[in-house]
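**Q** What follows is the file model_21.txt, containing compact mmCIF, C-alpha atoms:
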```txt
# COMPACT_ATOMS: atom_id res chain seq x y z
CA MET N 1 0.00 0.00 0.00
CA MET N 2 1.35 3.40 -0.98
CA PRO N 3 2.29 5.66 1.94
CA THR N 4 -0.23 8.41 2.66
CA PHE N 5 0.41 11.91 3.98
CA THR N 6 -1.52 15.14 4.48
CA MET N 7 -0.78 18.80 4.02
CA ARG N 8 -0.99 19.18 7.80
CA GLN N 9 1.97 16.80 8.20
CA LEU N 10 3.97 18.84 5.70
CA LEU N 11 3.13 22.06 7.58
CA GLU N 12 4.12 20.57 10.96
CA ALA N 13 7.43 19.39 9.49
CA GLY N 14 8.17 22.89 8.12
CA VAL N 15 8.26 21.81 4.46
CA HIS N 16 6.76 25.16 3.39
CA PHE N 17 9.67 27.29 4.68
CA GLY N 18 12.12 28.44 2.02
CA HIS N 19 15.27 30.58 2.21
CA GLN N 20 15.67 34.31 2.54
CA THR N 21 14.24 36.32 -0.33
CA ARG N 22 17.65 37.68 -1.33
CA ARG N 23 19.02 34.14 -1.78
CA TRP N 24 16.31 32.77 -4.04
CA ASP N 25 16.57 31.31 -7.54
CA PRO N 26 14.14 33.04 -9.97
CA LYS N 27 13.47 29.70 -11.69
CA MET N 28 11.64 28.57 -8.53
CA ALA N 29 9.13 31.44 -8.77
CA PRO N 30 6.26 29.22 -10.10
CA TYR N 31 6.49 27.03 -6.98
CA LEU N 32 6.48 29.87 -4.41
CA PHE N 33 3.37 31.08 -2.60
CA GLY N 34 4.86 34.38 -1.41
CA SER N 35 7.12 35.75 1.31
CA ARG N 36 6.69 36.41 5.03
CA GLY N 37 9.26 38.26 7.12
CA GLY N 38 11.89 38.15 4.39
CA ILE N 39 11.51 34.36 3.89
CA HIS N 40 9.92 32.69 0.89
CA ILE N 41 6.93 30.40 1.48
CA ILE N 42 6.69 27.32 -0.76
CA ASP N 43 3.28 26.52 -2.25
CA LEU N 44 2.27 23.20 -0.66
CA GLN N 45 -0.73 22.88 -2.97
CA GLN N 46 1.79 22.05 -5.68
CA THR N 47 4.11 20.06 -3.39
CA VAL N 48 1.45 17.50 -2.37
CA PRO N 49 0.60 16.16 -5.88
CA MET N 50 4.23 16.32 -7.04
CA LEU N 51 5.41 14.38 -3.98
CA HIS N 52 2.68 11.78 -4.51
CA HIS N 53 3.65 11.34 -8.18
CA SER N 54 7.35 10.98 -7.27
CA LEU N 55 6.55 8.29 -4.71
CA GLU N 56 4.56 6.40 -7.34
CA VAL N 57 7.52 6.54 -9.75
CA ILE N 58 9.89 5.18 -7.08
CA ARG N 59 7.44 2.45 -6.14
CA ASP N 60 6.97 1.34 -9.77
CA THR N 61 10.72 1.34 -10.38
CA VAL N 62 11.33 -0.97 -7.40
CA ALA N 63 8.36 -3.17 -8.36
CA ASN N 64 10.05 -3.77 -11.72
CA GLY N 65 13.27 -4.90 -10.03
CA GLY N 66 15.03 -1.52 -10.00
CA ARG N 67 17.49 -0.15 -7.44
CA VAL N 68 17.28 3.23 -5.68
CA LEU N 69 20.31 5.27 -4.66
CA PHE N 70 19.80 7.78 -1.81
CA VAL N 71 22.13 10.80 -2.07
CA GLY N 72 22.48 13.32 0.74
CA THR N 73 25.91 14.36 2.00
CA LYS N 74 24.98 17.44 4.04
CA ARG N 75 25.24 17.22 7.80
CA GLN N 76 21.48 17.40 8.48
CA ALA N 77 20.64 14.63 6.00
CA SER N 78 23.60 12.26 6.40
CA GLN N 79 22.26 10.05 9.20
CA LYS N 80 18.63 10.14 8.00
CA ILE N 81 19.67 9.03 4.50
CA LYS N 82 21.62 6.09 5.89
CA GLU N 83 18.78 4.95 8.17
CA ALA N 84 16.12 5.20 5.45
CA ALA N 85 18.20 3.32 2.86
CA SER N 86 19.14 0.58 5.34
CA LEU N 87 15.50 0.20 6.38
CA CYS N 88 14.33 -0.65 2.87
CA GLY N 89 17.46 -2.51 1.70
CA GLN N 90 18.64 0.10 -0.80
CA PHE N 91 21.93 1.99 -1.30
CA TYR N 92 23.18 5.39 -0.20
CA VAL N 93 25.95 7.99 -0.41
CA ASN N 94 26.03 10.14 2.72
CA HIS N 95 29.64 11.26 3.17
CA ARG N 96 31.13 12.67 -0.05
CA TRP N 97 30.26 12.19 -3.68
CA LEU N 98 33.36 10.99 -5.51
CA GLY N 99 33.71 12.31 -9.03
CA GLY N 100 32.87 9.59 -11.53
CA MET N 101 30.94 7.46 -9.04
CA LEU N 102 28.41 6.73 -11.82
CA THR N 103 30.20 7.63 -15.04
CA ASN N 104 33.42 5.83 -14.04
CA TRP N 105 31.89 2.78 -12.39
CA LYS N 106 34.79 0.51 -13.43
CA THR N 107 37.27 2.42 -11.25
CA ILE N 108 34.78 2.66 -8.40
CA SER N 109 34.24 -1.11 -8.50
CA GLN N 110 38.02 -1.61 -8.14
CA SER N 111 37.97 0.56 -5.01
CA ILE N 112 35.07 -1.51 -3.67
CA THR N 113 37.12 -4.68 -4.27
CA ARG N 114 40.01 -3.10 -2.35
CA LEU N 115 37.63 -2.26 0.52
CA ARG N 116 36.48 -5.88 0.75
CA GLU N 117 40.08 -7.12 0.76
CA LEU N 118 40.95 -4.81 3.63
CA GLN N 119 37.89 -5.93 5.60
CA GLU N 120 38.89 -9.57 5.16
CA LYS N 121 42.50 -8.92 6.19
CA LEU N 122 41.58 -6.97 9.28
CA GLY N 123 38.72 -9.32 10.11
CA GLU N 124 41.05 -12.34 10.33
CA GLY N 125 43.29 -10.57 12.81
CA ALA N 126 46.42 -8.49 12.99
CA HIS N 127 48.79 -11.38 12.41
CA GLY N 128 51.89 -10.61 10.37
CA PHE N 129 51.53 -6.82 10.51
CA THR N 130 53.46 -4.27 12.50
CA LYS N 131 51.60 -1.59 14.44
CA LYS N 132 52.39 1.03 11.81
CA GLU N 133 51.19 -1.19 8.93
CA LEU N 134 48.03 -2.09 10.83
CA LEU N 135 47.26 1.55 11.54
CA SER N 136 47.67 2.54 7.87
CA LEU N 137 45.41 -0.33 6.76
CA GLU N 138 42.72 0.67 9.25
CA ARG N 139 42.84 4.29 8.08
CA GLU N 140 42.54 3.23 4.44
CA ARG N 141 39.61 0.97 5.26
CA ASP N 142 37.77 3.67 7.23
CA LYS N 143 38.28 6.18 4.41
CA LEU N 144 36.89 3.80 1.79
CA GLU N 145 34.05 2.77 4.10
CA LEU N 146 32.89 6.37 4.48
CA SER N 147 32.78 6.99 0.73
CA LEU N 148 31.79 3.58 -0.62
CA GLY N 149 30.26 1.71 2.32
CA GLY N 150 26.71 2.43 1.15
CA ILE N 151 27.20 1.18 -2.41
CA LYS N 152 29.63 -1.73 -1.95
CA ASP N 153 26.80 -4.26 -2.47
CA MET N 154 25.05 -2.40 -5.32
CA GLY N 155 26.76 -4.42 -8.04
CA GLY N 156 26.04 -1.93 -10.83
CA LEU N 157 24.43 1.39 -11.68
CA PRO N 158 21.17 2.35 -9.93
CA ASP N 159 17.86 2.76 -11.75
CA ILE N 160 16.78 5.98 -10.01
CA LEU N 161 18.31 8.61 -7.69
CA PHE N 162 16.66 10.27 -4.70
CA VAL N 163 18.54 13.49 -3.92
CA ILE N 164 18.33 16.01 -1.07
CA ASP N 165 19.78 19.49 -1.76
CA THR N 166 20.39 19.79 -5.51
CA ASN N 167 22.96 22.57 -5.02
CA LYS N 168 25.29 20.37 -2.97
CA GLU N 169 24.74 17.25 -5.09
CA GLU N 170 25.17 19.00 -8.45
CA ILE N 171 27.86 16.55 -9.65
CA ALA N 172 25.67 13.53 -8.89
CA ILE N 173 22.76 15.03 -10.85
CA LYS N 174 24.99 15.79 -13.84
CA GLU N 175 26.35 12.25 -13.91
CA ALA N 176 22.82 10.79 -13.67
CA ASN N 177 21.64 13.04 -16.52
CA LYS N 178 24.59 11.95 -18.68
CA LEU N 179 23.72 8.27 -18.14
CA GLY N 180 19.97 8.79 -18.49
CA ILE N 181 19.17 7.84 -14.88
CA PRO N 182 15.99 9.60 -13.63
CA VAL N 183 16.38 11.92 -10.63
CA VAL N 184 13.86 12.58 -7.85
CA ALA N 185 14.96 15.60 -5.81
CA ILE N 186 13.84 17.91 -3.02
CA VAL N 187 14.24 21.43 -4.41
CA ASP N 188 14.33 24.48 -2.13
CA SER N 189 13.72 28.13 -3.02
CA ASN N 190 17.46 28.72 -3.60
CA SER N 191 17.92 25.74 -5.98
CA ASN N 192 17.79 25.34 -9.73
CA PRO N 193 14.91 23.04 -10.81
CA ASP N 194 16.48 22.33 -14.22
CA ASN N 195 17.72 18.82 -15.00
CA ILE N 196 15.42 17.33 -12.33
CA ASP N 197 13.08 14.69 -13.72
CA TYR N 198 10.70 14.54 -10.73
CA LEU N 199 10.67 17.77 -8.77
CA ILE N 200 9.45 18.06 -5.15
CA PRO N 201 9.36 21.70 -3.95
CA GLY N 202 10.14 21.78 -0.24
CA ASN N 203 12.49 22.60 2.59
CA ASP N 204 15.74 20.62 2.28
CA ASP N 205 17.41 22.00 5.45
CA ALA N 206 15.06 21.23 8.36
CA GLN N 207 15.69 17.85 9.97
CA ARG N 208 11.99 17.14 10.48
CA ALA N 209 11.27 17.80 6.80
CA ILE N 210 14.18 15.58 5.70
CA GLU N 211 13.02 12.81 8.04
CA LEU N 212 9.47 12.99 6.64
CA PHE N 213 10.67 12.78 3.02
CA CYS N 214 13.00 9.84 3.78
CA THR N 215 10.27 7.97 5.66
CA LEU N 216 7.80 8.35 2.78
CA VAL N 217 10.36 7.24 0.17
CA SER N 218 11.42 4.17 2.19
CA ALA N 219 7.75 3.21 2.68
CA ALA N 220 7.14 3.50 -1.08
CA ILE N 221 10.19 1.27 -1.74
CA LEU N 222 8.94 -1.37 0.70
CA ASP N 223 5.55 -1.34 -1.04
CA GLY N 224 7.33 -1.78 -4.38
CA LEU N 225 9.33 -4.74 -3.05
CA GLN N 226 6.12 -6.38 -1.85
CA ALA N 227 4.50 -5.84 -5.26
CA GLU N 228 7.57 -7.36 -6.96
CA MET N 229 7.28 -10.51 -4.84
CA LEU N 230 3.56 -10.82 -5.61
CA THR N 231 4.04 -10.43 -9.36
CA SER N 232 6.81 -13.04 -9.33
CA GLY N 233 4.36 -15.57 -7.85
CA GLN N 234 5.92 -15.79 -4.39
CA ASP N 235 3.66 -16.06 -1.40
CA ILE N 236 5.04 -13.74 1.24
CA GLY N 237 3.45 -15.59 4.14
CA GLU N 238 4.30 -19.08 2.91
CA ALA N 239 7.66 -20.64 3.67
CA GLU N 240 9.42 -22.97 1.29
CA GLU N 241 9.05 -26.68 1.95
CA VAL N 242 12.31 -28.25 2.95
CA ASN N 243 12.78 -32.02 2.91
CA VAL N 244 14.77 -32.98 5.95
CA ILE N 245 16.21 -36.53 6.03
CA ILE N 246 16.99 -37.80 9.48
CA GLU N 247 19.24 -40.83 9.63
CA GLU N 248 18.11 -43.26 12.32
CA GLU N 249 20.79 -44.79 14.47
CA VAL N 250 20.82 -48.62 14.74
CA PHE N 251 20.84 -49.81 18.33
CA SER N 252 21.99 -53.39 19.15
CA GLU N 253 19.90 -55.50 21.51
CA GLU N 254 22.92 -56.57 23.53
CA LYS N 255 23.27 -54.71 26.72
CA PRO N 256 26.52 -52.95 27.13
CA LYS N 257 28.93 -54.73 29.41
CA ALA N 258 29.29 -53.20 32.78
CA LYS N 259 32.67 -51.90 33.53
CA PRO N 260 34.51 -53.78 36.32
CA LYS N 261 34.50 -51.92 39.52
CA VAL N 262 37.90 -50.92 40.72
CA LYS N 263 38.46 -51.12 44.43
CA LYS N 264 39.93 -48.05 45.81
CA GLU N 265 42.85 -48.55 48.15
CA THR N 266 42.12 -47.09 51.50
CA THR N 267 44.94 -46.08 53.75
CA VAL N 268 44.38 -46.27 57.51
CA LYS N 269 46.01 -43.47 59.31
CA PRO N 270 47.53 -44.43 62.73
CA LYS N 271 45.78 -42.91 65.63
CA ALA N 272 47.65 -40.16 67.26
CA GLU N 273 48.89 -40.96 70.77
CA PRO N 274 47.21 -38.95 73.42
CA LYS N 275 49.29 -36.12 74.55
CA GLU N 276 50.48 -36.13 78.15
CA GLN N 277 48.60 -33.78 80.25
CA LYS N 278 50.71 -30.97 81.39
CA GLU N 279 51.14 -30.71 85.14
CA PRO N 280 50.28 -27.45 86.64
CA LYS N 281 53.06 -25.16 87.72
CA GLU N 282 52.36 -25.59 91.46
CA GLN N 283 52.79 -29.39 91.29
CA LYS N 284 56.11 -28.96 89.39
CA ALA N 285 57.33 -26.56 92.04
CA LYS N 286 56.41 -29.00 94.83
CA ALA N 287 58.13 -31.88 93.01
CA LYS N 288 61.31 -29.85 92.77
CA THR N 289 61.30 -28.84 96.45
CA GLU N 290 60.50 -32.33 97.90
CA PRO N 291 63.78 -34.12 96.96
CA LYS N 292 65.83 -31.19 98.35
CA ALA N 293 64.07 -31.42 101.72
CA LYS N 294 64.66 -35.19 101.93
CA GLN N 295 68.37 -34.76 101.19
CA ALA N 296 68.71 -32.15 103.93
CA ALA N 297 67.05 -34.50 106.47
CA LYS N 298 69.41 -37.37 105.63
CA LEU N 299 72.45 -35.15 106.02
CA LYS N 300 71.28 -34.09 109.46
CA GLU N 301 70.92 -37.72 110.54
CA HIS N 302 74.44 -38.80 109.48
CA ALA N 303 76.20 -35.63 110.50
CA PRO N 304 78.21 -35.94 113.85
CA LYS N 305 76.63 -34.22 116.76
CA LYS N 306 78.41 -31.12 118.05
CA LYS N 307 79.74 -31.43 121.65
CA THR N 308 78.95 -28.88 124.27
CA VAL N 309 81.65 -26.84 126.09
CA SER N 310 81.23 -28.74 129.38
CA GLU N 311 81.64 -32.07 127.63
CA THR N 312 84.83 -30.98 125.94
CA ARG N 313 86.35 -29.71 129.27
CA ALA N 314 85.50 -32.99 131.05
CA GLN N 315 87.26 -34.96 128.39
CA GLU N 316 90.36 -32.77 128.68
CA ASN N 317 90.53 -33.21 132.48
CA THR N 318 90.33 -36.94 132.19
```
What does this structure look like when you write it as structure tokens?
**A**
Amino acid sequence: MMPTFTMRQLLEAGVHFGHQTRRWDPKMAPYLFGSRGGIHIIDLQQTVPMLHHSLEVIRDTVANGGRVLFVGTKRQASQKIKEAASLCGQFYVNHRWLGGMLTNWKTISQSITRLRELQEKLGEGAHGFTKKELLSLERERDKLELSLGGIKDMGGLPDILFVIDTNKEEIAIKEANKLGIPVVAIVDSNSNPDNIDYLIPGNDDAQRAIELFCTLVSAAILDGLQAEMLTSGQDIGEAEEVNVIIEEEVFSEEKPKAKPKVKKETTVKPKAEPKEQKEPKEQKAKAKTEPKAKQAAKLKEHAPKKKTVSETRAQENT
């Protein structure tokens, strides 16, 4: 189903705001409603049917197996372009348009091959490279990824271009015109509408306006992809039948022999001898003093008795 939108949505997104009156392109006069406060106002009564017709063209191109290339390298549009193209499985250029990206596709395809080689080398690991060599390879890969990352899987020229800001993407439009590739572009009040096959007058600077345009284009592409699948006879909700062959394992009736039990050697640890109870300090002191007292008593018994003075005098007189 084709995406639907209203003039109210365009007004809320600020699609009707142009640039300052002194910066306008006179060729955009038929698509301007007037000016307010020194700013041109774009006529949305013309924008609505032209936007609807452009979406139909994109949808029919995709339904016939065509490829869409989103082009928007300005800061406001870079991330939105990438998200919208990734959402619907298409291709994009959001960093810098390289000269000859369409007209010199042979050289561009060689650069894409180089990018894939670098991704494989660095994906396997940093084996065999010095730090300096690894750093230079990573820088080369990042540089190619920025410029060619969105078209590395395109495999050939696109069938239609969707461009935001025709002034900035002038080279891309010229290359598409030279090759006969139709261009759908958002054209502001300061842009030249010449060489644009499907013109959409609108604000190409406001982020909300850019997001609205990208969302509508991606929805139209998804509708075209669905129509392509239906015309090719594929049922979207039906999965392919896959024959799965499961090989049955043959089990023998014999019971598996039980493994012999291995007796574990148990080692009996000898019981520890009970430790002697320590005698208290008082008992040790008594044991030390007792033998000394006994020795002193024995010495007293065997020692000769001392004679008195009277006894000694009596012996002398005798």
**Q** Pick the closest to Leu69 of chain N from N:Ser218, N:Ser35, N:Gln226, N:Ser232: which is it, counting all atoms listed in the file?
**A**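 Ranking N:Ser218, N:Ser35, N:Gln226, N:Ser232 by distance to Leu69 of chain N, first place goes to N:Ser218.
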**Q** Could the residues of segment 30-108 of chain N that have an atom at most 9 Å from segment 180-204 of chain N be listed as CSV, each with its closest atom pair and the distance in Å to one decimal, counting only C-alpha atoms and ordered by chain and ascending residue number?
**A**
```
residue,atom,partner,partner_atom,distance
N:Tyr31,CA,N:Pro201,CA,6.8
N:Leu32,CA,N:Ser189,CA,7.6
N:His40,CA,N:Ser189,CA,7.1
N:Ile41,CA,N:Ser189,CA,8.5
N:Ile42,CA,N:Gly202,CA,6.5
N:Asp43,CA,N:Pro201,CA,7.9
N:Leu44,CA,N:Pro201,CA,8.0
N:Gln46,CA,N:Pro201,CA,7.8
N:Thr47,CA,N:Pro201,CA,5.5
N:Val48,CA,N:Ile200,CA,8.5
N:Met50,CA,N:Ile200,CA,5.8
N:Leu51,CA,N:Ile200,CA,5.6
N:His53,CA,N:Tyr198,CA,8.2
N:Ser54,CA,N:Tyr198,CA,6.0
N:Val57,CA,N:Tyr198,CA,8.7
N:Ile58,CA,N:Val184,CA,8.4
N:Ala77,CA,N:Asp204,CA,8.6
```
**Q** From the list N:Val93, N:Pro49, N:Leu146, N:Leu102, which residue is nearest Leu179 of chain N when using all atoms listed in the file?
**A**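 Checking each of N:Val93, N:Pro49, N:Leu146, N:Leu102 against Leu179 of chain N, counting all atoms listed in the file, the winner is N:Leu102.
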**Q** Taking all atoms listed in the file into account, which of N:Asp159, N:Asp153, N:Glu83, N:Asp142 comes nearest Val68 of chain N?
**A** N:Asp159
**Q** Report, in Å with one decimal, the straight-line distance from atom CA of Lys82 of chain N to atom CA of Thr215 of chain N.
**A** 11.5 Å
**Q** I'd like the contact shell of Ser147 of chain N - 8 Å cut-off, all atoms listed in the file, skipping same-chain residues fewer than 6 positions apart - returned as a JSON list (two decimals) with C-alpha atoms, in the frame of the given file.
**A**
```json
[["chain", "number", "residue", "atom", "x", "y", "z"],
["N", 93, "VAL", "CA", 25.95, 7.99, -0.41],
["N", 94, "ASN", "CA", 26.03, 10.14, 2.72],
["N", 95, "HIS", "CA", 29.64, 11.26, 3.17],
["N", 96, "ARG", "CA", 31.13, 12.67, -0.05],
["N", 97, "TRP", "CA", 30.26, 12.19, -3.68],
["N", 98, "LEU", "CA", 33.36, 10.99, -5.51]]
```
**Q** For a quick check of understanding, using all atoms listed in the file, which of N:Cys88, N:Cys214, N:Ile39, N:Leu161 has the smallest distance to Arg23 of chain N?
**A**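 The answer is N:Ile39, which sits nearest to Arg23 of chain N.
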**Q** Point out the residue among N:Phe91, N:Phe33, N:Phe162, N:Trp105 with the least atom-to-atom distance to Phe17 of chain N, counting only C-alpha atoms.
**A**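 Under the stated criterion, the closest residue is N:Phe33.
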**Q** When you count only C-alpha atoms, which of these residues is closest to Glu170 of chain N: N:Val71, N:Leu11, N:Ala85, N:Leu122?
**A** N:Val71
**Q** Taking 5 positions as the minimum chain separation for residues in the same chain, which residues sit within 12 Å of Leu134 of chain N when counting only C-alpha atoms? Answer as a list in words.
**A** Leu118, Lys121, Leu122, Gly123, Gly125, Ala126, His127, Gly128, Phe129, Arg139, Glu140 and Arg141 of chain N
**Q** What's the separation between atom CA of Gly66 of chain N and atom CA of His52 of chain N, in Å to one decimal place?
**A** 19.0 Å
**Q** Take segment 17-33 of chain N, model N, CA and C atoms, and hand the result over as a CSV table (one decimal), in the frame of the given file.
**A**
```csv
chain,number,residue,atom,x,y,z
N,17,PHE,N,8.7,26.2,4.5
N,17,PHE,CA,9.7,27.3,4.7
N,17,PHE,C,10.8,27.2,3.6
N,18,GLY,N,11.0,28.3,3.0
N,18,GLY,CA,12.1,28.4,2.0
N,18,GLY,C,13.3,29.2,2.6
N,19,HIS,N,14.1,29.8,1.8
N,19,HIS,CA,15.3,30.6,2.2
N,19,HIS,C,14.9,32.1,2.2
N,20,GLN,N,15.9,32.9,2.6
N,20,GLN,CA,15.7,34.3,2.5
N,20,GLN,C,15.4,34.8,1.1
N,21,THR,N,14.7,35.8,1.0
N,21,THR,CA,14.2,36.3,-0.3
N,21,THR,C,15.4,36.7,-1.2
N,22,ARG,N,16.5,37.2,-0.6
N,22,ARG,CA,17.6,37.7,-1.3
N,22,ARG,C,18.5,36.5,-1.8
N,23,ARG,N,18.2,35.3,-1.4
N,23,ARG,CA,19.0,34.1,-1.8
N,23,ARG,C,18.2,33.2,-2.7
N,24,TRP,N,17.2,33.7,-3.3
N,24,TRP,CA,16.3,32.8,-4.0
N,24,TRP,C,16.8,32.6,-5.5
N,25,ASP,N,16.3,31.6,-6.1
N,25,ASP,CA,16.6,31.3,-7.5
N,25,ASP,C,15.3,31.7,-8.3
N,26,PRO,N,15.4,32.6,-9.3
N,26,PRO,CA,14.1,33.0,-10.0
N,26,PRO,C,13.4,31.9,-10.7
N,27,LYS,N,14.1,30.8,-11.0
N,27,LYS,CA,13.5,29.7,-11.7
N,27,LYS,C,12.5,29.0,-10.8
N,28,MET,N,12.6,29.2,-9.5
N,28,MET,CA,11.6,28.6,-8.5
N,28,MET,C,10.4,29.4,-8.3
N,29,ALA,N,10.3,30.5,-9.0
N,29,ALA,CA,9.1,31.4,-8.8
N,29,ALA,C,7.8,30.8,-8.9
N,30,PRO,N,7.6,29.9,-9.9
N,30,PRO,CA,6.3,29.2,-10.1
N,30,PRO,C,5.9,28.3,-8.9
N,31,TYR,N,6.8,27.9,-8.1
N,31,TYR,CA,6.5,27.0,-7.0
N,31,TYR,C,6.4,27.7,-5.6
N,32,LEU,N,6.5,29.1,-5.6
N,32,LEU,CA,6.5,29.9,-4.4
N,32,LEU,C,5.1,30.5,-4.2
N,33,PHE,N,4.7,30.5,-2.9
N,33,PHE,CA,3.4,31.1,-2.6
N,33,PHE,C,3.5,32.6,-2.3
```
